[in-house]
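final28.pdb (PDB, C-alpha atoms and all ligand atoms)
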```pdb
ATOM      1  CA  MET A   1     -31.173  47.178  11.548  1.00  0.00           C
ATOM      2  CA  HIS A   2     -32.304  43.810  12.722  1.00  0.00           C
ATOM      3  CA  ILE A   3     -36.019  43.888  12.232  1.00  0.00           C
ATOM      4  CA  VAL A   4     -37.989  41.327  14.164  1.00  0.00           C
ATOM      5  CA  GLN A   5     -41.755  40.960  14.144  1.00  0.00           C
ATOM      6  CA  PRO A   6     -43.336  41.653  17.558  1.00  0.00           C
ATOM      7  CA  GLY A   7     -43.675  38.421  19.510  1.00  0.00           C
ATOM      8  CA  THR A   8     -41.086  36.491  17.528  1.00  0.00           C
ATOM      9  CA  GLU A   9     -38.074  38.176  19.080  1.00  0.00           C
ATOM     10  CA  ILE A  10     -37.952  35.777  22.037  1.00  0.00           C
ATOM     11  CA  ASP A  11     -37.931  32.797  19.646  1.00  0.00           C
ATOM     12  CA  VAL A  12     -35.161  34.318  17.553  1.00  0.00           C
ATOM     13  CA  LEU A  13     -32.987  34.923  20.615  1.00  0.00           C
ATOM     14  CA  LYS A  14     -33.761  31.464  22.044  1.00  0.00           C
ATOM     15  CA  GLN A  15     -32.860  29.806  18.760  1.00  0.00           C
ATOM     16  CA  ASN A  16     -29.653  31.856  18.593  1.00  0.00           C
ATOM     17  CA  ASN A  17     -28.635  30.823  22.103  1.00  0.00           C
ATOM     18  CA  LYS A  18     -29.255  27.156  21.320  1.00  0.00           C
ATOM     19  CA  ILE A  19     -26.944  27.290  18.293  1.00  0.00           C
ATOM     20  CA  ALA A  20     -24.419  29.339  20.291  1.00  0.00           C
ATOM     21  CA  HIS A  21     -24.204  26.434  22.765  1.00  0.00           C
ATOM     22  CA  GLU A  22     -23.561  24.042  19.867  1.00  0.00           C
ATOM     23  CA  ASN A  23     -20.790  26.323  18.586  1.00  0.00           C
ATOM     24  CA  TYR A  24     -19.291  26.489  22.060  1.00  0.00           C
ATOM     25  CA  ARG A  25     -19.257  22.698  22.369  1.00  0.00           C
ATOM     26  CA  LEU A  26     -17.745  22.277  18.895  1.00  0.00           C
ATOM     27  CA  LEU A  27     -14.951  24.755  19.644  1.00  0.00           C
ATOM     28  CA  LYS A  28     -14.231  23.071  22.995  1.00  0.00           C
ATOM     29  CA  GLN A  29     -14.059  19.651  21.315  1.00  0.00           C
ATOM     30  CA  HIS A  30     -11.254  21.085  19.196  1.00  0.00           C
ATOM     31  CA  ASN A  31      -9.589  22.826  22.167  1.00  0.00           C
ATOM     32  CA  ILE A  32     -10.075  26.241  20.643  1.00  0.00           C
ATOM     33  CA  LYS A  33     -10.248  29.357  22.777  1.00  0.00           C
ATOM     34  CA  SER A  34     -12.583  31.833  21.085  1.00  0.00           C
ATOM     35  CA  ILE A  35     -13.281  35.533  21.494  1.00  0.00           C
ATOM     36  CA  ASP A  36     -15.994  37.745  19.999  1.00  0.00           C
ATOM     37  CA  PHE A  37     -14.859  41.360  19.433  1.00  0.00           C
ATOM     38  CA  MET A  38     -17.746  43.826  19.335  1.00  0.00           C
ATOM     39  CA  GLY A  39     -17.670  47.600  18.910  1.00  0.00           C
ATOM     40  CA  SER A  40     -18.443  50.516  16.598  1.00  0.00           C
ATOM     41  CA  ILE A  41     -17.086  51.069  13.133  1.00  0.00           C
ATOM     42  CA  GLY A  42     -13.705  52.757  13.576  1.00  0.00           C
ATOM     43  CA  ALA A  43     -13.052  51.607  17.147  1.00  0.00           C
ATOM     44  CA  GLY A  44     -10.020  49.699  15.905  1.00  0.00           C
ATOM     45  CA  LYS A  45     -11.240  46.090  16.165  1.00  0.00           C
ATOM     46  CA  THR A  46      -9.446  44.894  13.032  1.00  0.00           C
ATOM     47  CA  ALA A  47      -6.130  46.503  13.976  1.00  0.00           C
ATOM     48  CA  LEU A  48      -6.410  45.191  17.544  1.00  0.00           C
ATOM     49  CA  ILE A  49      -7.058  41.630  16.380  1.00  0.00           C
ATOM     50  CA  ILE A  50      -4.121  41.815  13.964  1.00  0.00           C
ATOM     51  CA  LYS A  51      -1.758  43.009  16.726  1.00  0.00           C
ATOM     52  CA  LEU A  52      -2.945  40.462  19.286  1.00  0.00           C
ATOM     53  CA  ALA A  53      -2.672  37.681  16.709  1.00  0.00           C
ATOM     54  CA  GLU A  54       0.878  38.769  15.813  1.00  0.00           C
ATOM     55  CA  LYS A  55       1.905  38.568  19.454  1.00  0.00           C
ATOM     56  CA  LEU A  56       0.324  35.136  19.853  1.00  0.00           C
ATOM     57  CA  ARG A  57       1.779  33.780  16.626  1.00  0.00           C
ATOM     58  CA  ALA A  58       5.234  34.916  17.795  1.00  0.00           C
ATOM     59  CA  LYS A  59       4.719  32.559  20.759  1.00  0.00           C
ATOM     60  CA  GLY A  60       3.735  29.692  18.461  1.00  0.00           C
ATOM     61  CA  VAL A  61      -0.014  29.947  19.053  1.00  0.00           C
ATOM     62  CA  ARG A  62      -2.061  29.055  15.976  1.00  0.00           C
ATOM     63  CA  VAL A  63      -4.656  31.775  15.384  1.00  0.00           C
ATOM     64  CA  CYS A  64      -7.571  32.041  12.980  1.00  0.00           C
ATOM     65  CA  ALA A  65      -9.959  34.969  12.505  1.00  0.00           C
ATOM     66  CA  ILE A  66     -13.461  35.396  11.173  1.00  0.00           C
ATOM     67  CA  ALA A  67     -14.077  38.810   9.602  1.00  0.00           C
ATOM     68  CA  GLY A  68     -17.713  39.752  10.077  1.00  0.00           C
ATOM     69  CA  ASP A  69     -19.108  42.533   7.928  1.00  0.00           C
ATOM     70  CA  VAL A  70     -22.378  43.390   6.223  1.00  0.00           C
ATOM     71  CA  THR A  71     -20.736  43.273   2.788  1.00  0.00           C
ATOM     72  CA  GLY A  72     -17.262  43.331   1.315  1.00  0.00           C
ATOM     73  CA  ASP A  73     -13.972  41.780   2.332  1.00  0.00           C
ATOM     74  CA  ASP A  74     -11.917  44.770   3.543  1.00  0.00           C
ATOM     75  CA  ASP A  75     -11.226  43.413   7.030  1.00  0.00           C
ATOM     76  CA  TYR A  76     -10.658  39.914   5.689  1.00  0.00           C
ATOM     77  CA  THR A  77      -8.082  41.359   3.265  1.00  0.00           C
ATOM     78  CA  ARG A  78      -6.361  43.246   6.090  1.00  0.00           C
ATOM     79  CA  PHE A  79      -6.179  40.049   8.158  1.00  0.00           C
ATOM     80  CA  GLU A  80      -4.753  38.046   5.295  1.00  0.00           C
ATOM     81  CA  LYS A  81      -2.203  40.765   4.416  1.00  0.00           C
ATOM     82  CA  SER A  82      -0.950  40.685   8.009  1.00  0.00           C
ATOM     83  CA  GLY A  83      -0.426  36.935   7.745  1.00  0.00           C
ATOM     84  CA  LEU A  84      -3.447  36.075   9.909  1.00  0.00           C
ATOM     85  CA  GLU A  85      -5.359  33.155   8.447  1.00  0.00           C
ATOM     86  CA  SER A  86      -8.994  34.154   8.199  1.00  0.00           C
ATOM     87  CA  VAL A  87     -12.420  33.569   6.753  1.00  0.00           C
ATOM     88  CA  ASN A  88     -14.768  36.277   5.507  1.00  0.00           C
ATOM     89  CA  CYS A  89     -18.334  36.247   6.831  1.00  0.00           C
ATOM     90  CA  ASN A  90     -20.865  38.626   5.296  1.00  0.00           C
ATOM     91  CA  THR A  91     -24.248  39.060   6.935  1.00  0.00           C
ATOM     92  CA  GLY A  92     -25.892  40.481   3.796  1.00  0.00           C
ATOM     93  CA  HIS A  93     -28.229  42.901   5.574  1.00  0.00           C
ATOM     94  CA  GLU A  94     -27.951  42.224   9.284  1.00  0.00           C
ATOM     95  CA  CYS A  95     -25.939  44.591  11.437  1.00  0.00           C
ATOM     96  CA  HIS A  96     -24.692  41.804  13.714  1.00  0.00           C
ATOM     97  CA  LEU A  97     -23.331  38.289  13.456  1.00  0.00           C
ATOM     98  CA  ASP A  98     -25.479  35.496  14.816  1.00  0.00           C
ATOM     99  CA  ALA A  99     -24.719  31.995  16.019  1.00  0.00           C
ATOM    100  CA  ASN A 100     -26.084  30.336  12.897  1.00  0.00           C
ATOM    101  CA  LEU A 101     -23.798  32.346  10.606  1.00  0.00           C
ATOM    102  CA  ILE A 102     -20.847  31.401  12.779  1.00  0.00           C
ATOM    103  CA  LYS A 103     -21.936  27.747  12.743  1.00  0.00           C
ATOM    104  CA  LYS A 104     -21.847  27.812   8.933  1.00  0.00           C
ATOM    105  CA  THR A 105     -18.510  29.625   8.897  1.00  0.00           C
ATOM    106  CA  LEU A 106     -16.952  27.161  11.358  1.00  0.00           C
ATOM    107  CA  ALA A 107     -17.831  24.381   8.916  1.00  0.00           C
ATOM    108  CA  ASP A 108     -15.357  25.989   6.467  1.00  0.00           C
ATOM    109  CA  ILE A 109     -12.489  26.048   8.979  1.00  0.00           C
ATOM    110  CA  ASN A 110     -10.229  23.105   9.744  1.00  0.00           C
ATOM    111  CA  LEU A 111     -10.623  23.452  13.494  1.00  0.00           C
ATOM    112  CA  ASP A 112      -7.783  21.083  14.348  1.00  0.00           C
ATOM    113  CA  ASP A 113      -5.346  23.577  12.820  1.00  0.00           C
ATOM    114  CA  TYR A 114      -5.950  26.321  15.410  1.00  0.00           C
ATOM    115  CA  ASP A 115      -5.662  27.100  19.112  1.00  0.00           C
ATOM    116  CA  VAL A 116      -7.381  30.492  19.141  1.00  0.00           C
ATOM    117  CA  LEU A 117     -10.263  31.945  17.139  1.00  0.00           C
ATOM    118  CA  PHE A 118     -10.902  35.677  16.988  1.00  0.00           C
ATOM    119  CA  ILE A 119     -14.270  36.782  15.625  1.00  0.00           C
ATOM    120  CA  GLU A 120     -14.661  40.396  14.530  1.00  0.00           C
ATOM    121  CA  ASN A 121     -18.328  41.282  14.799  1.00  0.00           C
ATOM    122  CA  VAL A 122     -20.068  43.814  12.552  1.00  0.00           C
ATOM    123  CA  GLY A 123     -19.344  47.415  13.597  1.00  0.00           C
ATOM    124  CA  ASN A 124     -22.286  48.180  15.882  1.00  0.00           C
ATOM    125  CA  LEU A 125     -22.705  48.848  19.611  1.00  0.00           C
ATOM    126  CA  VAL A 126     -26.324  47.774  19.873  1.00  0.00           C
ATOM    127  CA  CYS A 127     -27.576  44.404  18.660  1.00  0.00           C
ATOM    128  CA  PRO A 128     -24.423  42.217  18.764  1.00  0.00           C
ATOM    129  CA  ALA A 129     -24.982  42.259  22.543  1.00  0.00           C
ATOM    130  CA  ASP A 130     -28.202  40.232  22.093  1.00  0.00           C
ATOM    131  CA  PHE A 131     -26.608  37.536  19.935  1.00  0.00           C
ATOM    132  CA  PRO A 132     -23.973  35.443  21.705  1.00  0.00           C
ATOM    133  CA  LEU A 133     -21.991  33.389  19.189  1.00  0.00           C
ATOM    134  CA  GLY A 134     -20.763  30.648  21.528  1.00  0.00           C
ATOM    135  CA  THR A 135     -17.331  32.108  22.267  1.00  0.00           C
ATOM    136  CA  ASP A 136     -15.463  31.772  25.556  1.00  0.00           C
ATOM    137  CA  LEU A 137     -15.321  35.526  25.957  1.00  0.00           C
ATOM    138  CA  ARG A 138     -17.028  38.584  24.575  1.00  0.00           C
ATOM    139  CA  VAL A 139     -15.096  41.824  24.296  1.00  0.00           C
ATOM    140  CA  VAL A 140     -16.298  45.353  23.581  1.00  0.00           C
ATOM    141  CA  VAL A 141     -13.864  47.805  21.986  1.00  0.00           C
ATOM    142  CA  VAL A 142     -14.464  51.552  21.983  1.00  0.00           C
ATOM    143  CA  SER A 143     -12.123  54.400  21.160  1.00  0.00           C
ATOM    144  CA  VAL A 144     -11.720  57.894  22.597  1.00  0.00           C
ATOM    145  CA  THR A 145     -12.760  59.326  19.219  1.00  0.00           C
ATOM    146  CA  GLU A 146     -16.336  58.178  19.936  1.00  0.00           C
ATOM    147  CA  GLY A 147     -16.659  60.650  22.825  1.00  0.00           C
ATOM    148  CA  ASP A 148     -16.653  60.209  26.598  1.00  0.00           C
ATOM    149  CA  ASP A 149     -20.272  59.051  26.887  1.00  0.00           C
ATOM    150  CA  MET A 150     -20.044  55.611  25.256  1.00  0.00           C
ATOM    151  CA  VAL A 151     -20.556  53.647  28.462  1.00  0.00           C
ATOM    152  CA  ARG A 152     -23.479  55.812  29.540  1.00  0.00           C
ATOM    153  CA  LYS A 153     -25.175  55.451  26.132  1.00  0.00           C
ATOM    154  CA  HIS A 154     -24.606  51.737  25.582  1.00  0.00           C
ATOM    155  CA  HIS A 155     -25.051  49.946  28.902  1.00  0.00           C
ATOM    156  CA  ASP A 156     -26.133  46.659  27.334  1.00  0.00           C
ATOM    157  CA  ILE A 157     -23.041  45.873  25.350  1.00  0.00           C
ATOM    158  CA  PHE A 158     -20.761  46.743  28.275  1.00  0.00           C
ATOM    159  CA  ILE A 159     -22.804  44.586  30.637  1.00  0.00           C
ATOM    160  CA  HIS A 160     -22.826  41.661  28.179  1.00  0.00           C
ATOM    161  CA  SER A 161     -19.064  41.842  27.620  1.00  0.00           C
ATOM    162  CA  ASP A 162     -16.501  40.063  29.770  1.00  0.00           C
ATOM    163  CA  VAL A 163     -13.768  42.549  28.915  1.00  0.00           C
ATOM    164  CA  ALA A 164     -13.981  46.206  27.835  1.00  0.00           C
ATOM    165  CA  ILE A 165     -11.197  47.952  25.936  1.00  0.00           C
ATOM    166  CA  LEU A 166     -10.640  51.669  25.355  1.00  0.00           C
ATOM    167  CA  ASN A 167      -8.474  52.214  22.284  1.00  0.00           C
ATOM    168  CA  LYS A 168      -6.619  55.247  20.869  1.00  0.00           C
ATOM    169  CA  VAL A 169      -5.835  56.736  24.293  1.00  0.00           C
ATOM    170  CA  ASP A 170      -2.732  58.277  22.683  1.00  0.00           C
ATOM    171  CA  ILE A 171      -4.943  60.814  20.896  1.00  0.00           C
ATOM    172  CA  ALA A 172      -7.340  61.510  23.779  1.00  0.00           C
ATOM    173  CA  ASP A 173      -6.083  65.104  24.207  1.00  0.00           C
ATOM    174  CA  ALA A 174      -6.447  65.854  20.496  1.00  0.00           C
ATOM    175  CA  VAL A 175     -10.121  64.847  20.541  1.00  0.00           C
ATOM    176  CA  ASP A 176     -10.693  66.507  23.920  1.00  0.00           C
ATOM    177  CA  VAL A 177     -11.793  63.361  25.723  1.00  0.00           C
ATOM    178  CA  ASP A 178     -10.727  62.363  29.215  1.00  0.00           C
ATOM    179  CA  PRO A 179     -10.218  58.561  29.280  1.00  0.00           C
ATOM    180  CA  GLU A 180     -10.752  58.663  33.049  1.00  0.00           C
ATOM    181  CA  VAL A 181     -14.387  59.673  32.549  1.00  0.00           C
ATOM    182  CA  ILE A 182     -14.998  56.538  30.465  1.00  0.00           C
ATOM    183  CA  ALA A 183     -13.033  54.436  32.948  1.00  0.00           C
ATOM    184  CA  ARG A 184     -15.093  55.780  35.864  1.00  0.00           C
ATOM    185  CA  ASP A 185     -18.405  55.161  34.051  1.00  0.00           C
ATOM    186  CA  TYR A 186     -17.433  51.570  33.292  1.00  0.00           C
ATOM    187  CA  ASN A 187     -16.229  50.875  36.801  1.00  0.00           C
ATOM    188  CA  LYS A 188     -19.496  52.276  38.177  1.00  0.00           C
ATOM    189  CA  LEU A 189     -21.589  50.241  35.699  1.00  0.00           C
ATOM    190  CA  THR A 190     -19.897  47.036  36.842  1.00  0.00           C
ATOM    191  CA  GLY A 191     -20.541  47.834  40.495  1.00  0.00           C
ATOM    192  CA  GLY A 192     -16.933  48.841  41.060  1.00  0.00           C
ATOM    193  CA  VAL A 193     -15.762  45.354  40.068  1.00  0.00           C
ATOM    194  CA  LYS A 194     -14.201  45.801  36.643  1.00  0.00           C
ATOM    195  CA  ASN A 195     -11.871  48.279  34.977  1.00  0.00           C
ATOM    196  CA  ILE A 196     -11.727  49.179  31.302  1.00  0.00           C
ATOM    197  CA  LEU A 197      -8.396  48.321  29.676  1.00  0.00           C
ATOM    198  CA  LYS A 198      -6.796  51.365  28.069  1.00  0.00           C
ATOM    199  CA  CYS A 199      -4.641  50.850  25.026  1.00  0.00           C
ATOM    200  CA  SER A 200      -3.230  52.304  21.858  1.00  0.00           C
ATOM    201  CA  VAL A 201      -3.047  49.662  19.175  1.00  0.00           C
ATOM    202  CA  LYS A 202      -1.120  52.068  16.950  1.00  0.00           C
ATOM    203  CA  LYS A 203       1.544  52.762  19.601  1.00  0.00           C
ATOM    204  CA  ASP A 204       1.599  49.147  20.784  1.00  0.00           C
ATOM    205  CA  GLN A 205       0.596  50.166  24.320  1.00  0.00           C
ATOM    206  CA  GLY A 206      -1.484  48.079  26.702  1.00  0.00           C
ATOM    207  CA  LEU A 207      -1.673  45.005  24.486  1.00  0.00           C
ATOM    208  CA  ASP A 208       0.061  42.603  26.861  1.00  0.00           C
ATOM    209  CA  GLU A 209      -2.446  43.575  29.557  1.00  0.00           C
ATOM    210  CA  ILE A 210      -5.255  42.745  27.101  1.00  0.00           C
ATOM    211  CA  LEU A 211      -3.762  39.330  26.333  1.00  0.00           C
ATOM    212  CA  ALA A 212      -3.520  38.683  30.068  1.00  0.00           C
ATOM    213  CA  ALA A 213      -7.158  39.717  30.614  1.00  0.00           C
ATOM    214  CA  LEU A 214      -8.189  37.387  27.777  1.00  0.00           C
ATOM    215  CA  LYS A 215      -6.116  34.640  29.447  1.00  0.00           C
ATOM    216  CA  LEU A 216      -4.084  34.160  26.264  1.00  0.00           C
TER     217      LEU A 216
HETATM  218 MG    MG A 301     -12.969  46.309  11.209  1.00  0.00          MG
HETATM  219 ZN    ZN A 302     -28.449  43.901  14.253  1.00  0.00          ZN
END
```
Mind turning the file's structure into structure tokens?
Amino acid sequence: MHIVQPGTEIDVLKQNNKIAHENYRLLKQHNIKSIDFMGSIGAGKTALIIKLAEKLRAKGVRVCAIAGDVTGDDDYTRFEKSGLESVNCNTGHECHLDANLIKKTLADINLDDYDVLFIENVGNLVCPADFPLGTDLRVVVVSVTEGDDMVRKHHDIFIHSDVAILNKVDIADAVDVDPEVIARDYNKLTGGVKNILKCSVKKDQGLDEILAALKL
């Protein structure tokens, strides 16, 4: 939980946004395209980032990742094992990354060595939406295993994200979820303007469409 005293929340968010702008400028100075991946625990953020990074690295793009978690280095270890250069970023107690944590983490990265930065946020569909990190794009990842009501229950994160991804569509039947329901909800939420990108990271389906949507 991020616990904020009544009345101080505005200041906390203002301060976060100020540092997010600094992060954005720093990343632009180094010509880095950056993306914040948000979503629940188990949505498949780590696996998605690994696959996207593999595809980019095959094209000669230099990719770095920041693994955000409350504690531990499981995702960081998965990134490193896949050959993706990464930095671990533990929040300690907070259930979301914030711009200041990313500012400190960026100080440990040789920014001239990379073209793309992927940030995996802490598994959570609520507060990461309130804390922009200064990335070019924000992405929300959900999977069919979370049920067909994710968009209806979590408007904020879908509205605050530039791109929405629905993972594990290959097992939609097994979990009795109709991906079209989620797709319809998202399209409706965005005023009929945007469509959720369906994919299966495991089956390597829909990933090129995601790279295209992320302009990578
Ligand atoms: Mg993960
Ligand atoms: Zn939080």
Handout entry: Contact residues around range 165-169 of chain A with all atoms listed in the file at 10 Å, ignoring same-chain residues under 4 positions, as a ChimeraX atom specification
Key = /A:37,39,43-45,48,139-145,158,173-175,177-179,182-183,195-203,205-206,210
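Every residue that the PyMOL selection byres (((chain A and resi 216) around 10) and not hetatm) selects in this file is listed here: Lys33, Leu52, Leu56, Val61, Val116, Asp208, Ile210, Leu211, Ala212, Ala213, Leu214 and Lys215 of chain A.
Between CA of Glu180 in chain A and CA of Lys153 in chain A the separation is 16.3 Å.
CA of Ala53 in chain A lies 22.6 Å from CA of Leu101 in chain A.
Using the PyMOL selection byres (((not hetatm)) within 9 of (chain A and resi 302)) on this structure selects Met1, His2, Ile3, His93, Glu94, Cys95, His96, Leu97, Asp98, Val122, Asn124, Val126, Cys127, Pro128, Asp130 and Phe131 of chain A.
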Residues up to 9 Å from ligand MG 301 (chain A), counting only C-alpha atoms and all ligand atoms: could you list those as a PDB file with C-alpha atoms, in the frame of the given file?
```pdb
ATOM      1  CA  SER A  40     -18.443  50.516  16.598  1.00  0.00           C
ATOM      2  CA  ILE A  41     -17.086  51.069  13.133  1.00  0.00           C
ATOM      3  CA  GLY A  42     -13.705  52.757  13.576  1.00  0.00           C
ATOM      4  CA  ALA A  43     -13.052  51.607  17.147  1.00  0.00           C
ATOM      5  CA  GLY A  44     -10.020  49.699  15.905  1.00  0.00           C
ATOM      6  CA  LYS A  45     -11.240  46.090  16.165  1.00  0.00           C
ATOM      7  CA  THR A  46      -9.446  44.894  13.032  1.00  0.00           C
ATOM      8  CA  ALA A  47      -6.130  46.503  13.976  1.00  0.00           C
ATOM      9  CA  ALA A  67     -14.077  38.810   9.602  1.00  0.00           C
ATOM     10  CA  GLY A  68     -17.713  39.752  10.077  1.00  0.00           C
ATOM     11  CA  ASP A  69     -19.108  42.533   7.928  1.00  0.00           C
ATOM     12  CA  ASP A  74     -11.917  44.770   3.543  1.00  0.00           C
ATOM     13  CA  ASP A  75     -11.226  43.413   7.030  1.00  0.00           C
ATOM     14  CA  TYR A  76     -10.658  39.914   5.689  1.00  0.00           C
ATOM     15  CA  ARG A  78      -6.361  43.246   6.090  1.00  0.00           C
ATOM     16  CA  GLU A 120     -14.661  40.396  14.530  1.00  0.00           C
ATOM     17  CA  ASN A 121     -18.328  41.282  14.799  1.00  0.00           C
ATOM     18  CA  VAL A 122     -20.068  43.814  12.552  1.00  0.00           C
ATOM     19  CA  GLY A 123     -19.344  47.415  13.597  1.00  0.00           C
TER      20      GLY A 123
END
```
Problem - 10 Å contact set for Leu106 in chain A, all atoms listed in the file, chain neighbours under 5 positions out, as a ChimeraX atom specification - result: /A:23,26-27,66,87,100-101,111
For those residues, write C-alpha atoms to a file as an mmCIF file, keeping the file's coordinate frame.
```cif
data_model
loop_
_atom_site.group_PDB
_atom_site.id
_atom_site.type_symbol
_atom_site.label_atom_id
_atom_site.label_comp_id
_atom_site.auth_asym_id
_atom_site.auth_seq_id
_atom_site.Cartn_x
_atom_site.Cartn_y
_atom_site.Cartn_z
ATOM 1 C CA ASN A 23 -20.790 26.323 18.586
ATOM 2 C CA LEU A 26 -17.745 22.277 18.895
ATOM 3 C CA LEU A 27 -14.951 24.755 19.644
ATOM 4 C CA ILE A 66 -13.461 35.396 11.173
ATOM 5 C CA VAL A 87 -12.420 33.569 6.753
ATOM 6 C CA ASN A 100 -26.084 30.336 12.897
ATOM 7 C CA LEU A 101 -23.798 32.346 10.606
ATOM 8 C CA LEU A 111 -10.623 23.452 13.494
#
```
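Atom to atom, CA of Asn187 in chain A and CA of His160 in chain A stand 14.2 Å apart.
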Problem - the PyMOL selection byres (((chain A and resi 118) around 6) and not hetatm) resolved against shown file, as a PyMOL selection string - result: chain A and resi 34-35+65+117+119
Report, as AutoDock Vina command-line options, the axis-aligned box around all atoms of range 62-81 of chain A present in the file, extended by 3 Å on each side; give centre and edge lengths in Å to one decimal place.
```
--center_x -12.2 --center_y 36.9 --center_z 8.6 --size_x 26.3 --size_y 21.7 --size_z 20.7
```
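Distances from A:Arg57, A:Arg184, A:Lys194, A:Lys103 to Ile159 in chain A were compared using all atoms listed in the file, and the smallest one belongs to A:Lys194.
Closest approach to Ile102 in chain A among A:Asp185, A:Glu22, A:Glu209, A:Asp11 is made by A:Glu22 (distances from only C-alpha atoms).
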Report as JSON lines: every residue of range 106-174 of chain A with an atom at most 12 Å from range 188-193 of chain A, its closest pair of atoms, and their distance in Å to one decimal, counting all atoms listed in the file, with rows sorted by chain and ascending residue number.
```
{"residue": "A:Met150", "atom": "CA", "partner": "A:Leu189", "partner_atom": "CA", "distance": 11.8}
{"residue": "A:Val151", "atom": "CA", "partner": "A:Leu189", "partner_atom": "CA", "distance": 8.1}
{"residue": "A:Arg152", "atom": "CA", "partner": "A:Leu189", "partner_atom": "CA", "distance": 8.5}
{"residue": "A:Lys153", "atom": "CA", "partner": "A:Leu189", "partner_atom": "CA", "distance": 11.5}
{"residue": "A:His154", "atom": "CA", "partner": "A:Leu189", "partner_atom": "CA", "distance": 10.7}
{"residue": "A:His155", "atom": "CA", "partner": "A:Leu189", "partner_atom": "CA", "distance": 7.6}
{"residue": "A:Asp156", "atom": "CA", "partner": "A:Leu189", "partner_atom": "CA", "distance": 10.2}
{"residue": "A:Ile157", "atom": "CA", "partner": "A:Leu189", "partner_atom": "CA", "distance": 11.3}
{"residue": "A:Phe158", "atom": "CA", "partner": "A:Leu189", "partner_atom": "CA", "distance": 8.2}
{"residue": "A:Ile159", "atom": "CA", "partner": "A:Thr190", "partner_atom": "CA", "distance": 7.3}
{"residue": "A:His160", "atom": "CA", "partner": "A:Thr190", "partner_atom": "CA", "distance": 10.6}
{"residue": "A:Ser161", "atom": "CA", "partner": "A:Thr190", "partner_atom": "CA", "distance": 10.6}
{"residue": "A:Asp162", "atom": "CA", "partner": "A:Thr190", "partner_atom": "CA", "distance": 10.5}
{"residue": "A:Val163", "atom": "CA", "partner": "A:Thr190", "partner_atom": "CA", "distance": 11.0}
{"residue": "A:Ala164", "atom": "CA", "partner": "A:Thr190", "partner_atom": "CA", "distance": 10.8}
```
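Residue nearest Asn16 in chain A, chosen from A:Arg138, A:Ala99, A:Asp170, A:Asn110 and counting only C-alpha atoms: A:Ala99.
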